[in-house]
>>> print(open('work.cif').read())   # mmCIF, C-alpha atoms and all ligand atoms
data_structure
#
loop_
_atom_site.label_atom_id
_atom_site.label_comp_id
_atom_site.auth_asym_id
_atom_site.auth_seq_id
_atom_site.Cartn_x
_atom_site.Cartn_y
_atom_site.Cartn_z
CA MET A 1 27.11 88.00 17.91
CA LYS A 2 29.94 90.48 18.65
CA ASN A 3 32.37 89.27 21.34
CA ASN A 4 30.89 85.79 21.21
CA PRO A 5 33.72 83.53 22.47
CA GLN A 6 32.50 80.78 20.16
CA LEU A 7 33.41 82.70 17.02
CA ASN A 8 36.80 83.20 15.40
CA LYS A 9 37.99 86.55 14.07
CA ASN A 10 36.16 85.91 10.78
CA GLY A 11 32.87 85.41 12.62
CA GLU A 12 32.86 81.64 12.00
CA LEU A 13 31.99 79.02 14.60
CA GLN A 14 35.29 78.07 16.24
CA HIS A 15 33.92 76.36 19.36
CA LEU A 16 30.49 75.11 20.40
CA LEU A 17 30.03 76.14 24.03
CA THR A 18 26.35 77.12 24.26
CA ILE A 19 23.32 77.57 22.03
CA GLU A 20 22.54 80.90 23.69
CA GLY A 21 23.31 83.75 21.29
CA LEU A 22 23.68 81.61 18.18
CA PRO A 23 21.46 82.73 15.28
CA ALA A 24 18.73 80.50 13.87
CA ALA A 25 20.69 80.22 10.60
CA THR A 26 23.64 78.62 12.42
CA LEU A 27 21.38 76.12 14.18
CA ARG A 28 19.63 75.27 10.91
CA HIS A 29 22.98 74.83 9.16
CA ILE A 30 24.02 72.29 11.81
CA LEU A 31 20.68 70.43 11.53
CA ASP A 32 20.80 70.42 7.71
CA THR A 33 24.40 69.16 7.76
CA ALA A 34 23.34 66.40 10.18
CA SER A 35 20.58 65.38 7.75
CA SER A 36 23.19 64.91 5.04
CA PHE A 37 25.09 62.49 7.31
CA LEU A 38 22.08 60.26 8.04
CA ASN A 39 22.37 58.32 4.77
CA ILE A 40 25.97 57.27 5.51
CA GLU A 41 24.43 54.24 7.24
CA GLU A 42 23.09 53.04 3.88
CA ARG A 43 26.55 53.05 2.26
CA GLU A 44 28.80 50.03 2.05
CA VAL A 45 31.60 51.99 3.76
CA LYS A 46 29.90 53.80 6.64
CA LYS A 47 32.57 56.49 6.88
CA VAL A 48 33.62 59.74 5.21
CA PRO A 49 37.20 61.04 5.11
CA LEU A 50 36.37 64.61 6.22
CA LEU A 51 38.47 64.60 9.41
CA GLN A 52 41.19 62.17 8.36
CA GLY A 53 44.39 62.89 10.30
CA LYS A 54 42.63 65.01 12.96
CA ALA A 55 43.03 64.11 16.64
CA ILE A 56 39.93 64.48 18.81
CA PHE A 57 40.32 64.15 22.58
CA ASN A 58 37.27 63.18 24.67
CA LEU A 59 37.75 64.69 28.15
CA PHE A 60 34.88 63.47 30.32
CA PHE A 61 35.26 64.50 33.95
CA GLU A 62 31.67 63.32 34.69
CA PRO A 63 30.01 60.00 33.80
CA SER A 64 28.35 59.62 30.41
CA THR A 65 26.92 56.81 28.30
CA ARG A 66 25.22 58.51 25.33
CA THR A 67 27.27 61.66 24.79
CA ARG A 68 30.76 60.20 25.10
CA THR A 69 29.98 57.15 23.00
CA THR A 70 28.16 58.99 20.22
CA PHE A 71 30.93 61.61 20.02
CA GLU A 72 33.39 58.74 19.61
CA ILE A 73 31.28 57.03 16.94
CA ALA A 74 30.73 60.35 15.14
CA ALA A 75 34.46 61.15 15.13
CA LYS A 76 35.29 57.68 13.81
CA LYS A 77 32.67 57.98 11.05
CA LEU A 78 34.45 61.20 10.04
CA SER A 79 37.74 59.21 9.99
CA ALA A 80 39.32 61.18 12.85
CA ASP A 81 41.62 59.63 15.45
CA VAL A 82 39.81 59.54 18.82
CA ILE A 83 41.56 59.55 22.17
CA ASN A 84 39.42 58.97 25.27
CA LEU A 85 41.21 60.34 28.33
CA ASN A 86 40.61 58.05 31.27
CA VAL A 87 40.19 60.85 33.80
CA GLY A 88 40.28 58.53 36.82
CA ALA A 89 43.66 57.17 35.70
CA SER A 90 45.03 60.51 34.49
CA SER A 91 47.34 62.94 36.26
CA THR A 92 44.37 65.13 37.26
CA SER A 93 44.00 62.62 40.12
CA LYS A 94 47.54 63.64 41.22
CA GLY A 95 46.61 67.32 41.40
CA GLU A 96 47.41 68.48 37.86
CA THR A 97 45.23 71.47 36.93
CA LEU A 98 42.66 71.29 34.14
CA LEU A 99 44.64 73.75 32.00
CA ASP A 100 47.94 71.91 32.56
CA THR A 101 46.23 68.70 31.42
CA VAL A 102 44.90 70.53 28.36
CA ASP A 103 48.35 72.02 27.57
CA ASN A 104 49.90 68.55 27.68
CA LEU A 105 47.25 67.07 25.41
CA ALA A 106 47.59 70.04 23.05
CA ALA A 107 51.31 69.24 22.92
CA MET A 108 50.25 65.80 21.59
CA GLN A 109 48.81 67.59 18.52
CA ALA A 110 45.16 67.75 19.59
CA ASP A 111 42.79 69.35 17.07
CA MET A 112 39.64 69.24 19.20
CA PHE A 113 38.65 68.76 22.83
CA VAL A 114 35.18 67.43 23.65
CA VAL A 115 34.68 68.37 27.28
CA ARG A 116 32.20 67.31 29.95
CA HIS A 117 32.80 68.83 33.36
CA GLY A 118 30.86 69.26 36.60
CA GLN A 119 31.84 72.92 36.80
CA SER A 120 29.81 75.35 34.68
CA GLY A 121 32.22 77.28 32.46
CA ALA A 122 35.02 74.68 32.29
CA PRO A 123 34.76 74.33 28.45
CA HIS A 124 34.75 78.17 28.13
CA LEU A 125 37.91 78.29 30.23
CA ILE A 126 39.61 75.78 27.93
CA ALA A 127 38.37 77.55 24.77
CA GLY A 128 39.84 80.83 26.00
CA HIS A 129 43.17 79.15 26.75
CA VAL A 130 43.98 76.97 23.71
CA GLU A 131 45.71 77.99 20.47
CA PRO A 132 43.41 79.22 17.68
CA HIS A 133 43.69 76.01 15.61
CA ILE A 134 42.15 73.93 18.44
CA HIS A 135 38.37 73.58 18.75
CA VAL A 136 36.38 72.96 21.93
CA VAL A 137 32.93 71.36 22.15
CA ASN A 138 30.96 71.54 25.36
CA ALA A 139 29.59 68.06 26.10
CA GLY A 140 27.78 69.29 29.24
CA ASP A 141 29.07 71.68 31.93
CA GLY A 142 27.48 71.79 35.39
CA ARG A 143 23.98 73.24 35.23
CA HIS A 144 24.93 75.55 32.39
CA ALA A 145 24.65 74.03 28.91
CA HIS A 146 24.62 70.84 26.84
CA PRO A 147 24.48 72.28 23.32
CA THR A 148 24.80 69.08 21.29
CA GLN A 149 21.97 67.52 23.32
CA GLY A 150 19.84 70.59 22.58
CA LEU A 151 20.68 70.29 18.89
CA LEU A 152 19.96 66.57 18.64
CA ASP A 153 16.65 67.20 20.38
CA MET A 154 15.79 69.85 17.77
CA PHE A 155 16.82 67.42 15.03
CA THR A 156 14.48 64.80 16.52
CA ILE A 157 11.55 67.24 16.80
CA ARG A 158 12.10 68.47 13.23
CA HIS A 159 12.31 64.86 11.99
CA TYR A 160 8.93 63.92 13.46
CA LYS A 161 7.06 67.23 13.36
CA LYS A 162 8.62 69.00 10.31
CA ASP A 163 7.47 72.59 10.99
CA LEU A 164 8.73 73.92 14.34
CA THR A 165 6.83 77.18 14.01
CA ARG A 166 3.46 75.61 14.82
CA LEU A 167 4.37 73.55 17.87
CA ARG A 168 3.53 73.49 21.56
CA VAL A 169 6.40 71.89 23.49
CA ALA A 170 6.32 70.95 27.18
CA ILE A 171 9.50 70.36 29.19
CA VAL A 172 8.65 68.51 32.40
CA GLY A 173 10.68 68.20 35.57
CA ASP A 174 13.87 69.42 37.17
CA MET A 175 14.71 72.53 35.15
CA LEU A 176 16.56 74.03 38.12
CA HIS A 177 19.53 71.67 37.78
CA SER A 178 19.23 70.90 34.06
CA ARG A 179 21.81 72.07 31.53
CA VAL A 180 19.79 70.13 28.93
CA ALA A 181 16.63 72.18 29.57
CA ARG A 182 18.55 75.46 29.22
CA SER A 183 20.00 74.38 25.87
CA GLN A 184 16.62 73.09 24.66
CA ILE A 185 14.85 76.33 25.58
CA HIS A 186 17.47 78.50 23.80
CA ALA A 187 17.20 76.28 20.72
CA LEU A 188 13.39 76.07 20.69
CA THR A 189 12.90 79.83 21.06
CA THR A 190 15.63 80.64 18.50
CA LEU A 191 14.09 78.26 15.97
CA GLY A 192 10.69 79.91 16.32
CA VAL A 193 8.69 77.43 18.43
CA PRO A 194 5.81 79.68 19.51
CA GLU A 195 4.90 77.99 22.81
CA VAL A 196 7.40 76.42 25.19
CA ARG A 197 6.02 75.30 28.53
CA VAL A 198 7.91 74.20 31.61
CA ILE A 199 5.98 72.00 34.04
CA ALA A 200 7.51 71.43 37.47
CA PRO A 201 7.07 72.01 41.18
CA LYS A 202 8.04 75.55 42.28
CA THR A 203 11.19 74.24 43.97
CA LEU A 204 12.58 72.93 40.65
CA ILE A 205 12.11 76.06 38.52
CA PRO A 206 14.98 78.59 38.42
CA ALA A 207 14.37 82.32 38.85
CA CYS A 208 15.52 82.93 35.25
CA ALA A 209 12.85 80.68 33.68
CA GLU A 210 10.32 83.37 32.76
CA ARG A 211 13.04 85.61 31.27
CA MET A 212 13.88 82.72 28.94
CA GLY A 213 10.49 83.05 27.24
CA VAL A 214 8.72 79.97 28.61
CA GLN A 215 5.29 79.57 30.18
CA ILE A 216 5.37 78.01 33.63
CA TYR A 217 2.91 75.41 34.87
CA HIS A 218 2.81 73.51 38.15
CA ASP A 219 -0.07 71.24 37.16
CA MET A 220 0.50 68.46 34.61
CA ALA A 221 -3.19 68.35 33.59
CA LYS A 222 -3.05 71.99 32.45
CA GLY A 223 0.53 71.98 31.17
CA LEU A 224 0.24 68.88 28.98
CA LYS A 225 -3.07 69.89 27.39
CA ASP A 226 -2.78 69.73 23.58
CA VAL A 227 1.03 69.74 23.41
CA ASP A 228 2.82 68.25 20.38
CA VAL A 229 6.06 67.35 22.13
CA ILE A 230 6.76 66.26 25.72
CA ILE A 231 10.35 66.33 26.93
CA MET A 232 10.86 64.65 30.29
CA LEU A 233 13.83 65.60 32.48
CA ARG A 234 15.66 63.46 35.00
CA LEU A 235 15.61 64.42 38.67
CA GLN A 236 19.24 65.51 39.06
CA ASN A 237 19.74 64.21 42.59
CA GLU A 238 23.53 64.61 42.34
CA ARG A 239 23.13 68.40 41.97
CA MET A 240 20.40 68.94 44.57
CA ARG A 241 21.27 70.75 47.78
CA GLY A 242 18.80 69.94 50.54
CA ALA A 243 15.30 68.49 50.30
CA LEU A 244 13.50 70.03 47.31
CA LEU A 245 10.84 67.32 47.10
CA PRO A 246 8.73 65.50 49.71
CA SER A 247 9.58 62.08 48.20
CA VAL A 248 10.21 60.34 44.88
CA GLN A 249 6.80 58.61 45.15
CA GLU A 250 5.10 62.00 45.61
CA TYR A 251 7.04 63.41 42.64
CA PHE A 252 5.98 60.53 40.39
CA LYS A 253 2.36 60.92 41.48
CA TYR A 254 2.23 64.58 40.41
CA TYR A 255 4.92 64.90 37.70
CA GLY A 256 5.66 61.38 36.43
CA LEU A 257 4.51 60.77 32.86
CA THR A 258 1.93 57.98 32.83
CA ALA A 259 -0.28 56.78 29.97
CA GLU A 260 -3.17 58.63 31.62
CA LYS A 261 -1.32 61.96 31.65
CA LEU A 262 0.06 61.41 28.13
CA ALA A 263 -3.55 61.18 26.90
CA LEU A 264 -3.92 64.91 27.72
CA ALA A 265 -1.47 65.80 24.95
CA ARG A 266 -2.30 65.71 21.25
CA PRO A 267 -2.87 62.12 20.04
CA ASP A 268 0.24 62.34 17.81
CA ALA A 269 2.47 63.87 20.51
CA ILE A 270 5.99 62.50 20.77
CA VAL A 271 7.69 61.68 24.08
CA MET A 272 11.37 62.54 24.53
CA HIS A 273 13.95 62.11 27.30
CA PRO A 274 17.65 63.01 27.05
CA GLY A 275 18.62 60.11 29.35
CA PRO A 276 19.66 58.65 31.61
CA MET A 277 16.05 57.84 32.44
CA ASN A 278 14.70 56.88 35.85
CA ARG A 279 11.73 54.60 35.24
CA GLY A 280 9.03 55.00 37.86
CA VAL A 281 10.48 58.37 38.94
CA GLU A 282 9.86 60.72 36.01
CA ILE A 283 8.37 58.29 33.47
CA GLU A 284 6.33 55.09 33.50
CA SER A 285 7.84 52.17 31.57
CA SER A 286 4.73 51.74 29.37
CA VAL A 287 5.25 55.34 28.13
CA ALA A 288 9.05 55.14 27.84
CA ASP A 289 8.70 52.02 25.68
CA GLY A 290 5.40 53.00 24.04
CA VAL A 291 4.58 53.91 20.43
CA GLN A 292 4.83 57.67 21.08
CA SER A 293 8.33 57.43 22.56
CA VAL A 294 11.22 58.61 20.34
CA ILE A 295 13.81 58.33 23.10
CA LEU A 296 16.10 55.88 21.32
CA SER A 297 15.81 57.83 18.04
CA GLN A 298 17.24 60.81 19.93
CA VAL A 299 20.33 58.73 20.69
CA THR A 300 20.75 57.60 17.08
CA PHE A 301 20.29 61.13 15.71
CA GLY A 302 22.96 62.28 18.18
CA ILE A 303 25.60 60.62 15.99
CA ALA A 304 24.69 62.62 12.86
CA VAL A 305 24.33 65.86 14.83
CA ARG A 306 27.74 65.41 16.47
CA MET A 307 29.26 64.60 13.08
CA ALA A 308 27.79 67.86 11.81
CA VAL A 309 29.13 69.91 14.72
CA MET A 310 32.64 68.47 14.49
CA SER A 311 32.87 68.79 10.71
CA ILE A 312 31.55 72.38 10.72
CA LEU A 313 33.97 73.46 13.47
CA MET A 314 36.95 71.81 11.79
CA GLY A 315 36.08 73.51 8.52
CA SER A 316 35.87 76.93 10.12
CA GLY A 317 38.29 78.73 7.78
CA ALA A 318 40.93 80.78 9.56
CA GLY A 319 40.54 78.72 12.72
CA SER A 320 41.49 75.50 10.95
CA LYS A 321 45.01 74.13 10.95
CA GLN A 322 45.93 73.30 7.36
N1 LIG B 401 21.94 62.89 27.63
C1 LIG B 401 23.15 62.71 28.16
O1 LIG B 401 23.94 63.66 28.31
O2 LIG B 401 23.42 61.43 28.51
P1 LIG B 401 24.83 60.92 29.06
O3 LIG B 401 25.01 61.53 30.43
O4 LIG B 401 24.74 59.42 29.10
O5 LIG B 401 25.89 61.40 28.13
#
>>> encode(input="work.cif", output="structure tokens", more="lines below")
Ligand code: CP
Amino acid sequence: MKNNPQLNKNGELQHLLTIEGLPAATLRHILDTASSFLNIEEREVKKVPLLQGKAIFNLFFEPSTRTRTTFEIAAKKLSADVINLNVGASSTSKGETLLDTVDNLAAMQADMFVVRHGQSGAPHLIAGHVEPHIHVVNAGDGRHAHPTQGLLDMFTIRHYKKDLTRLRVAIVGDMLHSRVARSQIHALTTLGVPEVRVIAPKTLIPACAERMGVQIYHDMAKGLKDVDVIIMLRLQNERMRGALLPSVQEYFKYYGLTAEKLALARPDAIVMHPGPMNRGVEIESSVADGVQSVILSQVTFGIAVRMAVMSILMGSGAGSKQ
């Protein structure tokens, strides 16, 4: 953990940039804190005053439905003030640099930046630039990382399966371009999941996959056999360079999750997808909407997990502005 740019000088979590390198205890602390936020929905006032007076800026330089909205809901449930920068209408479109934009927003008394950017490393760049009282959360950068998605996926698996140390998990699809898959694999292996499989055509598996501790399969029939959890990935067409697949129809035939292929997994297997989902490309509608699907629960749990991340970062001792 030495020299981890996510930690402040007291070794506390100052930013959340990646799951890689974070100890299991930190991940469990986030998941446990998220559990404590779930019951807020049952209260008459569905808010807590933990971040009252704090200003959280959502800086989304790439499209988002789930992440941006659930960060906003989570911040509001913590009683923070939320500012959504409309990037298209901001001065970045006039040539202002990312760091100049950040400096100007920091001058408006920002306490936290939640950043999604097409360039891997953009949130790290901002974290290394801002004053120590400001926190940065990576909401997805290029192909690199999507740590809160990885965490909400772990929360979902733990919710349905309880003990992670006895599970077989299969991640299916375009790992090559997927920041989500990288964050999931770091989280699953850190939390002690003994068997993580990646199932994909050779062209969609990065060279680093085996070093990450996963087993690689190219055949769905073998890869899905007896798994407890299936995580489907979207084909990330916007990040593909050149033709990596013969056709979408061919991809669905071999790697799309159908009811027939789902039957190869354990009967109580859950089906997950981080979204956005392409029906008929990576998943059949009957499976996406079926009894084993927990896809919409993932979205709901994302609120509690993002509340946990924001409240833990803002309470990080020396890094906090009093
Ligand atoms: N899972 C996810 O990142 O979805 P959005 O792109 O809608 O935020």
>>> residues_near_ligand(input="work.cif", ligand="ligand LIG 401 (chain B)", cutoff="9 Å", atoms="all atoms listed in the file", output="MDAnalysis selection string")
chainID A and resid 62:70 116 139:140 146 148:149 180 273:276 299
>>> closest_residue(input="work.cif", among="A:Gln52, A:Ser36, A:Asn138, A:Asn278", to="His124 in chain A", atoms="only C-alpha atoms")
A:Asn138
>>> closest_residue(input="work.cif", among="A:Val291, A:Phe60, A:Asp268, A:Leu245", to="Asn84 in chain A", atoms="only C-alpha atoms")
A:Phe60
>>> closest_residue(input="work.cif", among="A:Met232, A:Leu164, A:Met212, A:Met112", to="Ser183 in chain A", atoms="only C-alpha atoms")
A:Met212
>>> closest_residue(input="work.cif", among="A:His117, A:His15, A:Lys47, A:Arg166", to="Phe61 in chain A", atoms="only C-alpha atoms")
A:His117
>>> axis_aligned_box(input="work.cif", around="range 248-262 of chain A", padding_each_side="3 Å", output="lines of an AutoDock Vina configuration file")
center_x = 3.5
center_y = 60.8
center_z = 36.9
size_x = 19.4
size_y = 14.1
size_z = 23.5
>>> residues_around(input="work.cif", residues="Val229 in chain A", least_positions_apart="3", cutoff="6 Å", atoms="all atoms listed in the file", output="list of chain:residue names")
A:Val169, A:Ala269, A:Ile270
>>> write_last_selection(input="work.cif", atoms="C-alpha atoms", output="compact mmCIF listing (two decimals), in the frame of the given file")
# COMPACT_ATOMS: atom_id res chain seq x y z
CA VAL A 169 6.40 71.89 23.49
CA ALA A 269 2.47 63.87 20.51
CA ILE A 270 5.99 62.50 20.77
>>> closest_residue(input="work.cif", among="A:Val305, A:Val227, A:Ala80, A:Leu313", to="Thr33 in chain A", atoms="all atoms listed in the file")
A:Val305
>>> atom_distance(input="work.cif", atom1="CA of Val82 in chain A", atom2="CA of Leu151 in chain A")
21.9 Å
>>> closest_residue(input="work.cif", among="A:Leu296, A:Leu31, A:Val102, A:Ala74", to="Val130 in chain A", atoms="only C-alpha atoms")
A:Val102
>>> residues_around(input="work.cif", residues="Arg168 in chain A", least_positions_apart="5", cutoff="8 Å", atoms="all atoms listed in the file", output="list in words")
Val193, Pro194, Glu195, Val196, Arg197, Asp226, Val227, Asp228 and Val229 of chain A
>>> residues_around(input="work.cif", residues="Ile40 in chain A", least_positions_apart="6", cutoff="12 Å", atoms="all atoms listed in the file", output="number ranges by chain")
A: 34, 46-49, 74, 77-78, 303-304, 307
